[in-house]
>>> print(open('upload-v2.cif').read())   # mmCIF, C-alpha atoms and all ligand atoms
data_coords
loop_
_atom_site.label_atom_id
_atom_site.label_comp_id
_atom_site.auth_asym_id
_atom_site.auth_seq_id
_atom_site.Cartn_x
_atom_site.Cartn_y
_atom_site.Cartn_z
CA MET C 1 -3.05 -30.01 -73.24
CA GLU C 2 -6.57 -28.65 -73.76
CA LYS C 3 -8.54 -28.67 -70.51
CA VAL C 4 -12.29 -29.26 -70.52
CA VAL C 5 -14.31 -27.08 -68.14
CA LEU C 6 -18.07 -27.30 -67.64
CA VAL C 7 -20.03 -24.59 -65.83
CA THR C 8 -23.67 -25.03 -64.77
CA GLY C 9 -25.82 -21.88 -64.74
CA ALA C 10 -23.31 -20.19 -67.03
CA ASN C 11 -25.63 -17.81 -68.84
CA SER C 12 -25.78 -15.03 -66.25
CA GLY C 13 -24.39 -13.52 -63.06
CA ILE C 14 -21.47 -15.23 -61.37
CA GLY C 15 -21.45 -18.17 -63.82
CA LEU C 16 -21.09 -15.93 -66.86
CA ALA C 17 -18.44 -13.76 -65.18
CA LEU C 18 -16.58 -16.94 -64.25
CA CYS C 19 -16.58 -18.05 -67.91
CA GLU C 20 -15.23 -14.65 -69.00
CA ARG C 21 -12.45 -14.86 -66.45
CA LEU C 22 -11.57 -18.47 -67.22
CA LEU C 23 -11.21 -17.68 -70.92
CA THR C 24 -9.01 -14.70 -70.07
CA GLU C 25 -6.79 -16.88 -67.86
CA ASP C 26 -6.49 -19.82 -70.22
CA ARG C 27 -6.86 -19.43 -73.98
CA GLN C 28 -6.55 -23.19 -74.47
CA LEU C 29 -9.71 -24.04 -72.56
CA ARG C 30 -12.58 -25.95 -74.00
CA LEU C 31 -15.49 -24.41 -72.15
CA CYS C 32 -18.96 -25.91 -71.98
CA LEU C 33 -21.88 -23.73 -70.86
CA ALA C 34 -24.51 -25.98 -69.32
CA CYS C 35 -27.76 -24.01 -69.21
CA ARG C 36 -31.48 -24.69 -69.10
CA ASN C 37 -32.51 -21.86 -71.42
CA THR C 38 -31.15 -22.19 -74.96
CA GLN C 39 -31.75 -18.57 -75.93
CA ARG C 40 -29.98 -17.17 -72.91
CA ALA C 41 -27.18 -19.70 -73.37
CA GLU C 42 -26.68 -18.63 -76.99
CA ALA C 43 -26.59 -14.97 -75.95
CA ALA C 44 -23.97 -15.80 -73.31
CA ARG C 45 -21.89 -17.73 -75.84
CA ALA C 46 -22.09 -14.82 -78.28
CA ALA C 47 -20.94 -12.39 -75.58
CA LEU C 48 -18.03 -14.65 -74.63
CA LEU C 49 -16.96 -15.00 -78.25
CA THR C 50 -17.10 -11.24 -78.71
CA SER C 51 -14.58 -10.72 -75.94
CA HIS C 52 -12.59 -13.90 -76.70
CA SER C 53 -12.70 -14.47 -80.43
CA GLY C 54 -11.56 -17.92 -81.46
CA ALA C 55 -12.32 -19.41 -78.02
CA ARG C 56 -13.84 -22.88 -77.90
CA VAL C 57 -17.21 -22.45 -76.25
CA ASP C 58 -19.79 -25.25 -76.44
CA LEU C 59 -23.41 -25.25 -75.32
CA LEU C 60 -25.21 -28.00 -73.50
CA HIS C 61 -28.86 -28.15 -72.52
CA LEU C 62 -29.06 -28.90 -68.81
CA ASP C 63 -31.84 -28.26 -66.35
CA VAL C 64 -30.25 -29.30 -63.06
CA GLY C 65 -33.68 -29.29 -61.47
CA SER C 66 -34.88 -32.15 -63.66
CA VAL C 67 -33.67 -35.72 -63.21
CA LEU C 68 -34.35 -36.61 -66.87
CA SER C 69 -32.48 -33.57 -68.15
CA VAL C 70 -29.47 -34.33 -65.92
CA LEU C 71 -29.37 -37.96 -67.11
CA SER C 72 -29.50 -37.02 -70.78
CA ALA C 73 -26.98 -34.16 -70.36
CA ALA C 74 -24.58 -36.58 -68.66
CA GLN C 75 -24.89 -38.98 -71.61
CA GLU C 76 -24.19 -36.11 -73.99
CA ILE C 77 -21.12 -34.98 -72.02
CA LYS C 78 -19.70 -38.51 -72.00
CA ALA C 79 -20.26 -38.77 -75.75
CA ARG C 80 -18.67 -35.36 -76.48
CA TYR C 81 -15.62 -35.29 -74.22
CA ASN C 82 -13.04 -37.84 -73.20
CA ARG C 83 -11.98 -35.84 -70.13
CA LEU C 84 -13.50 -33.34 -67.72
CA ASP C 85 -10.95 -31.32 -65.77
CA PHE C 86 -13.16 -28.82 -63.94
CA LEU C 87 -16.84 -29.10 -63.17
CA TYR C 88 -18.26 -25.87 -61.73
CA LEU C 89 -21.50 -26.58 -59.84
CA ASN C 90 -22.82 -23.05 -59.94
CA ALA C 91 -26.50 -23.05 -60.97
CA GLY C 92 -28.73 -22.03 -58.10
CA ILE C 93 -32.09 -20.54 -57.20
CA MET C 94 -33.71 -18.72 -54.32
CA PRO C 95 -37.45 -18.69 -55.08
CA ASN C 96 -39.86 -16.18 -53.56
CA PRO C 97 -37.46 -14.67 -51.03
CA ALA C 98 -38.82 -12.50 -48.23
CA VAL C 99 -36.82 -10.20 -45.95
CA ASP C 100 -37.80 -9.98 -42.30
CA ILE C 101 -37.69 -6.19 -41.89
CA ARG C 102 -38.12 -6.41 -38.10
CA ALA C 103 -35.20 -8.79 -37.77
CA PHE C 104 -33.20 -6.45 -39.99
CA PHE C 105 -33.69 -3.43 -37.72
CA THR C 106 -33.14 -5.48 -34.56
CA GLY C 107 -29.91 -6.86 -36.06
CA PHE C 108 -28.87 -3.46 -37.34
CA PHE C 109 -28.74 -2.02 -33.82
CA SER C 110 -27.06 -5.07 -32.30
CA ARG C 111 -23.56 -6.52 -32.09
CA ASN C 112 -24.64 -9.02 -34.71
CA ILE C 113 -24.70 -6.40 -37.45
CA ILE C 114 -21.60 -7.51 -39.39
CA ASN C 115 -22.66 -11.14 -39.23
CA MET C 116 -26.16 -10.20 -40.36
CA PHE C 117 -24.91 -8.40 -43.47
CA ALA C 118 -22.42 -11.13 -44.23
CA THR C 119 -24.68 -14.13 -43.83
CA ALA C 120 -28.27 -12.82 -43.80
CA GLU C 121 -28.79 -15.01 -40.74
CA GLY C 122 -32.39 -14.70 -39.53
CA LEU C 123 -33.24 -12.25 -42.31
CA LEU C 124 -34.34 -14.32 -45.26
CA THR C 125 -37.02 -16.93 -45.86
CA GLN C 126 -38.15 -18.54 -49.11
CA GLN C 127 -41.24 -20.35 -50.34
CA ASP C 128 -40.31 -23.62 -51.95
CA ARG C 129 -42.52 -26.13 -53.80
CA PRO C 130 -42.26 -29.63 -55.26
CA ASN C 131 -41.15 -29.90 -58.90
CA SER C 132 -42.39 -32.38 -61.53
CA ASP C 133 -40.06 -35.07 -60.12
CA GLY C 134 -41.70 -34.67 -56.72
CA LEU C 135 -38.55 -33.14 -55.24
CA GLN C 136 -38.40 -29.77 -53.51
CA GLU C 137 -37.27 -27.28 -56.17
CA VAL C 138 -34.42 -25.66 -54.22
CA PHE C 139 -33.00 -28.99 -53.08
CA ALA C 140 -33.32 -30.44 -56.60
CA THR C 141 -31.64 -27.46 -58.29
CA ASN C 142 -28.99 -26.37 -55.83
CA LEU C 143 -27.97 -29.83 -54.66
CA PHE C 144 -29.54 -33.03 -55.95
CA GLY C 145 -29.26 -32.33 -59.70
CA HIS C 146 -25.58 -31.53 -59.26
CA PHE C 147 -25.06 -34.65 -57.16
CA LEU C 148 -26.71 -36.80 -59.81
CA LEU C 149 -24.59 -35.16 -62.50
CA ILE C 150 -21.39 -35.95 -60.58
CA ARG C 151 -22.45 -39.57 -60.08
CA GLU C 152 -23.31 -39.97 -63.76
CA LEU C 153 -20.03 -38.38 -64.82
CA GLU C 154 -17.84 -40.54 -62.57
CA PRO C 155 -16.36 -42.45 -65.54
CA LEU C 156 -15.02 -39.10 -66.83
CA LEU C 157 -14.19 -37.56 -63.47
CA CYS C 158 -12.48 -40.54 -61.88
CA GLN C 159 -10.01 -41.62 -64.53
CA PRO C 160 -6.76 -43.27 -63.49
CA GLY C 161 -3.74 -40.96 -63.62
CA HIS C 162 -5.84 -37.83 -64.07
CA ALA C 163 -7.19 -35.41 -61.44
CA SER C 164 -10.55 -33.68 -61.84
CA ARG C 165 -11.98 -30.87 -59.72
CA LEU C 166 -15.49 -30.08 -58.58
CA ILE C 167 -16.06 -26.48 -57.54
CA TRP C 168 -19.31 -25.56 -55.81
CA THR C 169 -20.72 -22.05 -55.57
CA SER C 170 -21.88 -22.19 -51.98
CA SER C 171 -22.91 -19.28 -49.81
CA SER C 172 -22.25 -17.51 -46.53
CA ASN C 173 -25.95 -18.11 -46.01
CA ALA C 174 -25.27 -21.85 -45.57
CA ARG C 175 -26.16 -22.60 -41.97
CA ARG C 176 -25.97 -25.80 -39.99
CA SER C 177 -29.15 -24.99 -38.04
CA ALA C 178 -31.14 -24.68 -41.29
CA PHE C 179 -30.22 -28.22 -42.27
CA SER C 180 -31.70 -31.38 -40.83
CA ILE C 181 -30.71 -34.90 -41.76
CA GLU C 182 -34.33 -35.94 -41.11
CA ASP C 183 -35.57 -33.42 -43.66
CA ILE C 184 -32.77 -33.05 -46.20
CA GLN C 185 -35.08 -31.47 -48.77
CA HIS C 186 -36.16 -28.87 -46.21
CA ARG C 187 -39.85 -29.57 -46.83
CA LYS C 188 -40.86 -28.34 -43.40
CA GLY C 189 -38.74 -25.22 -42.93
CA LYS C 190 -38.61 -21.77 -44.47
CA GLU C 191 -34.91 -21.58 -45.32
CA PRO C 192 -34.47 -24.10 -48.15
CA TYR C 193 -31.67 -22.00 -49.71
CA SER C 194 -29.62 -21.96 -46.54
CA SER C 195 -30.23 -25.68 -46.05
CA SER C 196 -29.28 -26.59 -49.63
CA LYS C 197 -26.04 -24.61 -49.44
CA TYR C 198 -25.09 -26.21 -46.13
CA ALA C 199 -25.86 -29.61 -47.65
CA SER C 200 -23.57 -28.82 -50.58
CA ASP C 201 -20.76 -27.98 -48.13
CA LEU C 202 -21.30 -31.34 -46.44
CA LEU C 203 -21.51 -33.16 -49.76
CA SER C 204 -18.23 -31.62 -50.86
CA LEU C 205 -16.55 -32.93 -47.71
CA ALA C 206 -18.05 -36.37 -48.24
CA LEU C 207 -16.95 -36.43 -51.87
CA ASN C 208 -13.41 -35.59 -50.82
CA ARG C 209 -13.46 -38.35 -48.27
CA HIS C 210 -14.69 -40.97 -50.73
CA LYS C 211 -13.27 -39.84 -54.06
CA ASN C 212 -9.87 -38.25 -53.44
CA ASN C 213 -8.27 -41.66 -53.86
CA GLN C 214 -9.83 -41.85 -57.33
CA GLY C 215 -8.46 -38.47 -58.39
CA LEU C 216 -11.58 -36.41 -57.76
CA PHE C 217 -11.25 -33.31 -55.56
CA SER C 218 -14.07 -31.08 -54.42
CA SER C 219 -13.91 -27.42 -53.33
CA VAL C 220 -16.49 -25.04 -51.93
CA THR C 221 -16.38 -21.30 -52.49
CA CYS C 222 -18.52 -18.38 -51.38
CA PRO C 223 -18.73 -15.38 -53.69
CA GLY C 224 -19.99 -12.92 -51.06
CA LEU C 225 -22.99 -10.69 -51.83
CA VAL C 226 -23.14 -10.16 -55.57
CA MET C 227 -25.65 -8.10 -57.52
CA THR C 228 -27.21 -10.63 -59.90
CA ASN C 229 -30.69 -11.76 -60.99
CA LEU C 230 -30.78 -13.74 -57.74
CA THR C 231 -30.22 -10.72 -55.48
CA TYR C 232 -32.45 -8.47 -57.61
CA GLY C 233 -35.17 -11.02 -56.85
CA ILE C 234 -34.82 -10.28 -53.13
CA LEU C 235 -35.44 -6.53 -53.22
CA PRO C 236 -36.54 -4.28 -56.09
CA SER C 237 -33.66 -2.35 -57.67
CA PHE C 238 -34.78 1.03 -56.30
CA LEU C 239 -34.56 -0.38 -52.75
CA TRP C 240 -31.09 -1.74 -53.44
CA THR C 241 -30.09 1.76 -54.57
CA LEU C 242 -31.60 3.25 -51.41
CA ILE C 243 -29.84 0.90 -49.01
CA MET C 244 -26.54 1.11 -50.83
CA PRO C 245 -25.14 3.78 -48.47
CA ILE C 246 -25.98 1.58 -45.46
CA MET C 247 -24.26 -1.35 -47.08
CA TRP C 248 -21.21 0.80 -47.68
CA LEU C 249 -21.21 1.90 -44.06
CA VAL C 250 -21.27 -1.59 -42.63
CA SER C 251 -18.89 -2.96 -45.18
CA SER C 252 -15.28 -2.79 -44.26
CA ALA C 253 -12.86 -1.59 -46.89
CA ALA C 254 -11.37 -5.01 -46.84
CA SER C 255 -12.26 -8.43 -47.96
CA THR C 256 -10.44 -11.47 -46.77
CA ARG C 257 -10.51 -14.66 -48.71
CA VAL C 258 -9.36 -17.91 -47.26
CA LEU C 259 -8.75 -21.15 -49.03
CA PHE C 260 -7.51 -24.02 -47.00
CA SER C 261 -7.01 -27.71 -47.26
CA SER C 262 -9.07 -30.57 -45.92
CA ASP C 263 -7.76 -32.07 -42.72
CA ASN C 264 -7.14 -35.47 -44.28
CA ASP C 265 -4.99 -33.96 -47.01
CA SER C 266 -1.87 -36.02 -46.61
CA ASN C 267 0.01 -35.61 -49.85
CA GLY C 268 0.63 -31.88 -49.81
CA VAL C 269 -1.70 -31.02 -52.66
CA CYS C 270 -4.15 -28.19 -52.19
CA PHE C 271 -7.79 -29.18 -51.73
CA PRO C 272 -9.37 -25.87 -50.89
CA ILE C 273 -12.61 -26.64 -49.14
CA ASP C 274 -13.94 -23.30 -48.09
CA GLN C 275 -13.59 -19.63 -48.68
CA ILE C 276 -14.55 -16.93 -46.27
CA ARG C 277 -14.99 -13.24 -46.55
CA ILE C 278 -14.55 -11.47 -43.28
CA PHE C 279 -16.06 -7.93 -43.14
CA THR C 280 -18.09 -8.30 -46.32
CA ASN C 281 -17.24 -5.81 -48.98
CA THR C 282 -20.89 -6.02 -49.87
CA PHE C 283 -21.57 -3.46 -52.53
CA THR C 284 -18.43 -3.75 -54.57
CA LEU C 285 -19.29 -7.36 -55.31
CA THR C 286 -19.87 -7.38 -59.02
CA PRO C 287 -20.20 -10.78 -60.71
CA TYR C 288 -16.60 -10.29 -61.82
CA ASN C 289 -15.41 -9.98 -58.21
CA GLY C 290 -17.81 -12.67 -57.04
CA ALA C 291 -16.18 -15.11 -59.45
CA GLU C 292 -12.74 -14.48 -57.93
CA ALA C 293 -12.58 -17.53 -55.67
CA LEU C 294 -14.08 -19.75 -58.35
CA VAL C 295 -11.34 -18.72 -60.76
CA GLY C 296 -8.84 -19.08 -57.91
CA CYS C 297 -9.70 -22.76 -57.62
CA HIS C 298 -8.79 -23.26 -61.25
CA PRO C 299 -5.08 -22.51 -61.49
CA ARG C 300 -4.24 -22.78 -57.81
CA CYS C 301 -5.04 -26.44 -57.47
CA ASP C 302 -1.40 -27.44 -57.56
CA ALA C 303 -0.47 -24.83 -54.95
CA PRO C 304 0.92 -25.60 -51.46
CA SER C 305 -1.23 -27.40 -48.93
CA VAL C 306 -2.54 -24.28 -47.18
CA VAL C 307 -3.33 -21.18 -49.16
CA PHE C 308 -4.58 -18.17 -47.29
CA THR C 309 -4.96 -15.12 -49.45
CA VAL C 310 -5.58 -11.70 -47.98
CA LYS C 311 -6.77 -8.73 -49.95
CA CYS C 312 -6.96 -5.85 -47.55
CA ARG C 313 -5.81 -2.60 -46.11
CA LYS C 314 -3.59 -2.45 -43.04
CA LEU C 315 -6.21 -2.76 -40.32
CA SER C 316 -7.82 -5.97 -41.40
CA PHE C 317 -4.51 -7.36 -42.54
CA PHE C 318 -3.48 -7.35 -38.89
CA ALA C 319 -6.93 -8.50 -37.81
CA ALA C 320 -6.96 -11.45 -40.18
CA PRO C 321 -4.70 -13.79 -38.19
CA LEU C 322 -6.87 -13.11 -35.12
CA VAL C 323 -10.02 -14.25 -36.84
CA LEU C 324 -8.44 -17.09 -38.76
CA PRO C 325 -8.49 -19.67 -35.97
CA LYS C 326 -12.25 -19.31 -35.98
CA ALA C 327 -12.56 -19.93 -39.70
CA ARG C 328 -15.52 -22.03 -40.74
CA VAL C 329 -15.11 -25.31 -42.55
CA ALA C 330 -18.50 -26.45 -43.72
CA GLY C 331 -20.11 -25.40 -40.50
CA SER C 332 -17.53 -26.78 -38.11
CA GLU C 333 -14.82 -24.86 -36.32
CA SER C 334 -11.37 -25.43 -37.71
CA LYS C 335 -7.90 -24.32 -36.71
CA ILE C 336 -5.42 -23.22 -39.29
CA SER C 337 -1.86 -23.62 -38.18
CA GLN C 338 0.11 -22.40 -41.18
CA PHE C 339 -0.73 -19.86 -43.80
CA ASP C 340 0.77 -18.04 -46.68
CA ILE C 341 -0.35 -14.43 -46.82
CA ARG C 342 -0.30 -12.47 -50.03
CA ILE C 343 -1.39 -8.85 -49.98
CA TRP C 344 -3.24 -7.82 -53.08
CA GLU C 345 -2.82 -4.26 -54.28
N1 LIG B 1 -25.63 -13.42 -55.87
C1 LIG B 1 -25.17 -13.68 -54.66
O1 LIG B 1 -25.04 -12.78 -53.82
C2 LIG B 1 -24.76 -15.04 -54.30
C3 LIG B 1 -24.96 -16.12 -55.15
N2 LIG B 1 -24.56 -17.38 -54.77
C4 LIG B 1 -24.74 -18.52 -55.66
O2 LIG B 1 -24.14 -18.23 -56.91
C5 LIG B 1 -24.74 -19.06 -57.90
C6 LIG B 1 -25.04 -18.23 -59.12
O3 LIG B 1 -26.06 -17.30 -58.79
P1 LIG B 1 -26.08 -15.80 -59.31
O4 LIG B 1 -25.11 -15.63 -60.40
O5 LIG B 1 -26.05 -14.93 -58.14
O6 LIG B 1 -27.59 -15.71 -59.84
P2 LIG B 1 -28.18 -15.74 -61.32
O7 LIG B 1 -29.65 -15.89 -61.13
O8 LIG B 1 -27.67 -14.63 -62.13
O9 LIG B 1 -27.58 -17.09 -61.92
C7 LIG B 1 -28.09 -18.33 -61.62
C8 LIG B 1 -27.79 -19.22 -62.81
O10 LIG B 1 -28.26 -20.54 -62.50
C9 LIG B 1 -29.10 -20.94 -63.55
N3 LIG B 1 -30.09 -21.88 -63.13
C10 LIG B 1 -31.05 -21.75 -62.20
N4 LIG B 1 -31.80 -22.86 -62.14
C11 LIG B 1 -31.30 -23.71 -63.05
C12 LIG B 1 -31.64 -25.01 -63.46
N5 LIG B 1 -32.68 -25.67 -62.94
N6 LIG B 1 -30.89 -25.61 -64.41
C13 LIG B 1 -29.85 -24.96 -64.97
N7 LIG B 1 -29.48 -23.73 -64.64
C14 LIG B 1 -30.21 -23.11 -63.69
C15 LIG B 1 -29.74 -19.66 -64.07
O11 LIG B 1 -30.30 -19.88 -65.36
P3 LIG B 1 -31.55 -19.02 -65.88
O12 LIG B 1 -30.99 -17.76 -66.46
O13 LIG B 1 -32.16 -19.91 -66.90
O14 LIG B 1 -32.44 -18.77 -64.71
C16 LIG B 1 -28.53 -18.76 -64.05
O15 LIG B 1 -27.73 -18.97 -65.17
C17 LIG B 1 -25.96 -19.70 -57.24
O16 LIG B 1 -25.65 -21.01 -56.87
C18 LIG B 1 -26.17 -18.85 -56.00
O17 LIG B 1 -26.79 -19.57 -54.97
C19 LIG B 1 -23.93 -17.60 -53.58
C20 LIG B 1 -23.72 -16.58 -52.72
C21 LIG B 1 -24.13 -15.21 -53.01
C1 LIG B 2 -33.61 -2.15 -45.53
C2 LIG B 2 -33.62 -3.64 -45.58
C3 LIG B 2 -34.78 -4.19 -46.25
C4 LIG B 2 -32.27 -4.16 -46.09
C5 LIG B 2 -32.15 -5.62 -46.16
C6 LIG B 2 -30.77 -6.08 -46.58
C7 LIG B 2 -30.81 -7.52 -47.11
C8 LIG B 2 -31.68 -7.57 -48.34
C9 LIG B 2 -29.40 -8.06 -47.40
C10 LIG B 2 -28.50 -8.03 -46.16
C11 LIG B 2 -27.57 -9.22 -46.25
C12 LIG B 2 -27.80 -9.76 -47.64
C13 LIG B 2 -27.33 -11.11 -48.06
C14 LIG B 2 -28.00 -11.81 -49.06
C15 LIG B 2 -29.24 -11.25 -49.66
C16 LIG B 2 -29.56 -9.80 -49.31
C17 LIG B 2 -29.29 -9.52 -47.85
C18 LIG B 2 -30.20 -10.40 -47.03
C19 LIG B 2 -27.59 -13.20 -49.49
C20 LIG B 2 -28.46 -14.15 -48.73
C21 LIG B 2 -27.82 -13.43 -50.99
C22 LIG B 2 -27.50 -14.81 -51.41
C23 LIG B 2 -26.42 -15.47 -50.70
O1 LIG B 2 -26.08 -16.57 -51.07
C24 LIG B 2 -25.76 -14.89 -49.51
C25 LIG B 2 -26.11 -13.45 -49.22
C26 LIG B 2 -25.75 -13.05 -47.80
C27 LIG B 2 -26.05 -11.61 -47.50
#
>>> encode(input="upload-v2.cif", output="structure tokens")
Amino acid sequence: MEKVVLVTGANSGIGLALCERLLTEDRQLRLCLACRNTQRAEAARAALLTSHSGARVDLLHLDVGSVLSVLSAAQEIKARYNRLDFLYLNAGIMPNPAVDIRAFFTGFFSRNIINMFATAEGLLTQQDRPNSDGLQEVFATNLFGHFLLIRELEPLLCQPGHASRLIWTSSSNARRSAFSIEDIQHRKGKEPYSSSKYASDLLSLALNRHKNNQGLFSSVTCPGLVMTNLTYGILPSFLWTLIMPIMWLVSSAASTRVLFSSDNDSNGVCFPIDQIRIFTNTFTLTPYNGAEALVGCHPRCDAPSVVFTVKCRKLSFFAAPLVLPKARVAGSESKISQFDIRIWE
């Protein structure tokens, strides 16, 4: 049966790499690229068709940062498709990022160094602004537009006898302390990106709680640090080239990826709700690698209740079970009692 997959922000970076990989995995897919820029979307479609001739790739105009655009895109999706198997909520922005150089050097010579490179905690601020709907741009794009899209698509996503999956591209930068329920748009703070990603983790949990019984399952993944337009907006490319050796030094040769089920998963089906990289493999993270967990959510959804995948060399393979009990589930501490370890390469 032909599966329908929609990816937001599919024209570049992780979204585009995800589309490439999905088409490679499943030739039967009907893939819909939901993008705000028609020219870039057409270029992405052309590139996908060059590598996957004969693939079914549709385009849809969607600006997730605009309420009107989301509403009309949702109408269009409902008119075009009679099912939606996978909805990848990937579009995201980080406007006007600034790196705190002092915090970087303080962190670099502290025990917090690995955490700093993995999560950018305390390093990054952004300047957000209200959009034409009067919403904060980062909140509207990274979270609210996607939420509205899900709500509008419920008739397609929650069909009796058919399971649909939501897969969010979250971030290791998601931090509980950046998010406040009194200021969910993060109007007052300087870390709207971190706040929006934490809010998407929370939303995913809430969606699972309320929608699993209607056949809708939500997963959160973190791609690690990937060189894309987003990261090239943080530092100029020559600086990235300069700091590459440092990144290599602090990166371990291993990357651990963890997918595990929600605690109220009672029927043995896998609802991966988070993915963690321990010892970030920072500079090998191409969009192709960054899309790994996103692709992983696609075929592995019928896998056993706890899936813990390790890709590593000996040292961190043995270290992994030690760090696992501290694994993060949307900001809270969680214990994993069983796991299934597969060593990759
Ligand atoms: N790169 C990294 O290290 C990490 C990235 N992420 C997340 O991965 C996701 C993809 O980012 P990445 O590939 O890195 O960066 P890119 O900038 O390459 O991709 C972002 C995509 O989102 C699209 N987009 C942005 N705003 C909107 C909007 N309002 N409506 C529709 N589409 C929009 C962009 O379209 P356009 O080309 O028109 O701008 C682009 O296709 C984001 O959610 C990001 O937060 C998470 C962790 C790490
Ligand atoms: C010499 C210095 C100026 C070097 C600064 C290094 C930082 C630019 C990077 C260290 C950790 C990185 C990181 C991200 C961006 C770049 C760093 C802050 C992300 C925030 C990018 C987007 C994400 O979603 C998560 C990333 C975490 C790590």
>>> closest_residue(input="upload-v2.cif", among="C:Cys297, C:Leu156, C:Val4, C:Leu225", to="ligand LIG 2 (chain B)", atoms="only C-alpha atoms and all ligand atoms")
C:Leu225
>>> closest_residue(input="upload-v2.cif", among="C:Ala34, C:Leu207, C:Met116, C:Leu153", to="ligand LIG 2 (chain B)", atoms="all atoms listed in the file")
C:Met116
>>> atom_distance(input="upload-v2.cif", atom1="CA of Leu33 (chain C)", atom2="CA of Leu203 (chain C)")
23.1 Å
>>> closest_residue(input="upload-v2.cif", among="C:Ser195, C:Ser219, C:Gln136, C:Asn90", to="Val7 (chain C)", atoms="only C-alpha atoms")
C:Asn90
>>> closest_atom_pairs(input="upload-v2.cif", of="chain C", to="ligand LIG 2 (chain B)", cutoff="8 Å", atoms="only C-alpha atoms and all ligand atoms", output="CSV")
residue,atom,partner,partner_atom,distance
C:Met94,CA,B:LIG2,C22,7.9
C:Val99,CA,B:LIG2,C8,6.2
C:Asp100,CA,B:LIG2,C3,7.6
C:Ile101,CA,B:LIG2,C3,5.6
C:Phe104,CA,B:LIG2,C2,6.3
C:Phe105,CA,B:LIG2,C2,7.9
C:Met116,CA,B:LIG2,C11,6.1
C:Phe117,CA,B:LIG2,C11,3.9
C:Ala118,CA,B:LIG2,C27,4.9
C:Thr119,CA,B:LIG2,C26,4.3
C:Ala120,CA,B:LIG2,C11,4.4
C:Glu121,CA,B:LIG2,C18,7.9
C:Leu123,CA,B:LIG2,C18,5.9
C:Leu124,CA,B:LIG2,C18,6.0
C:Ser170,CA,B:LIG2,O1,7.1
C:Ser171,CA,B:LIG2,O1,4.4
C:Ser172,CA,B:LIG2,C24,5.3
C:Asn173,CA,B:LIG2,C24,4.8
C:Ala174,CA,B:LIG2,O1,7.7
C:Tyr193,CA,B:LIG2,O1,7.9
C:Ser194,CA,B:LIG2,O1,7.9
C:Cys222,CA,B:LIG2,O1,7.8
C:Pro223,CA,B:LIG2,O1,7.9
C:Gly224,CA,B:LIG2,C24,6.3
C:Leu225,CA,B:LIG2,C25,4.9
C:Val226,CA,B:LIG2,C21,7.3
C:Leu230,CA,B:LIG2,C22,7.2
C:Thr231,CA,B:LIG2,C21,5.8
C:Ile234,CA,B:LIG2,C8,6.3
C:Leu235,CA,B:LIG2,C8,6.2
C:Leu239,CA,B:LIG2,C1,7.5
C:Trp240,CA,B:LIG2,C8,7.8
C:Ile243,CA,B:LIG2,C1,6.0
C:Met247,CA,B:LIG2,C10,8.0
C:Thr282,CA,B:LIG2,C27,8.0
>>> write_last_selection(input="upload-v2.cif", atoms="C-alpha atoms", output="CSV table (one decimal), keeping the file's coordinate frame")
chain,number,residue,atom,x,y,z
C,94,MET,CA,-33.7,-18.7,-54.3
C,99,VAL,CA,-36.8,-10.2,-46.0
C,100,ASP,CA,-37.8,-10.0,-42.3
C,101,ILE,CA,-37.7,-6.2,-41.9
C,104,PHE,CA,-33.2,-6.4,-40.0
C,105,PHE,CA,-33.7,-3.4,-37.7
C,116,MET,CA,-26.2,-10.2,-40.4
C,117,PHE,CA,-24.9,-8.4,-43.5
C,118,ALA,CA,-22.4,-11.1,-44.2
C,119,THR,CA,-24.7,-14.1,-43.8
C,120,ALA,CA,-28.3,-12.8,-43.8
C,121,GLU,CA,-28.8,-15.0,-40.7
C,123,LEU,CA,-33.2,-12.2,-42.3
C,124,LEU,CA,-34.3,-14.3,-45.3
C,170,SER,CA,-21.9,-22.2,-52.0
C,171,SER,CA,-22.9,-19.3,-49.8
C,172,SER,CA,-22.2,-17.5,-46.5
C,173,ASN,CA,-26.0,-18.1,-46.0
C,174,ALA,CA,-25.3,-21.8,-45.6
C,193,TYR,CA,-31.7,-22.0,-49.7
C,194,SER,CA,-29.6,-22.0,-46.5
C,222,CYS,CA,-18.5,-18.4,-51.4
C,223,PRO,CA,-18.7,-15.4,-53.7
C,224,GLY,CA,-20.0,-12.9,-51.1
C,225,LEU,CA,-23.0,-10.7,-51.8
C,226,VAL,CA,-23.1,-10.2,-55.6
C,230,LEU,CA,-30.8,-13.7,-57.7
C,231,THR,CA,-30.2,-10.7,-55.5
C,234,ILE,CA,-34.8,-10.3,-53.1
C,235,LEU,CA,-35.4,-6.5,-53.2
C,239,LEU,CA,-34.6,-0.4,-52.8
C,240,TRP,CA,-31.1,-1.7,-53.4
C,243,ILE,CA,-29.8,0.9,-49.0
C,247,MET,CA,-24.3,-1.4,-47.1
C,282,THR,CA,-20.9,-6.0,-49.9
>>> residues_around(input="upload-v2.cif", residues="region 128-135 of chain C", least_positions_apart="2", cutoff="12 Å", atoms="only C-alpha atoms", output="ChimeraX atom specification")
/C:64-69,93-98,125-126,137-145,183-193,195-196
>>> closest_residue(input="upload-v2.cif", among="C:Leu29, C:Ile14, C:Ala163, C:Ala291", to="ligand LIG 1 (chain B)", atoms="only C-alpha atoms and all ligand atoms")
C:Ile14
>>> axis_aligned_box(input="upload-v2.cif", around="ligand LIG 1 (chain B)", padding_each_side="5 Å", output="lines of an AutoDock Vina configuration file")
center_x = -28.2
center_y = -19.2
center_z = -59.8
size_x = 19.0
size_y = 22.9
size_z = 24.2
>>> atom_distance(input="upload-v2.cif", atom1="CA of Ile181 (chain C)", atom2="CA of Asp63 (chain C)")
25.5 Å
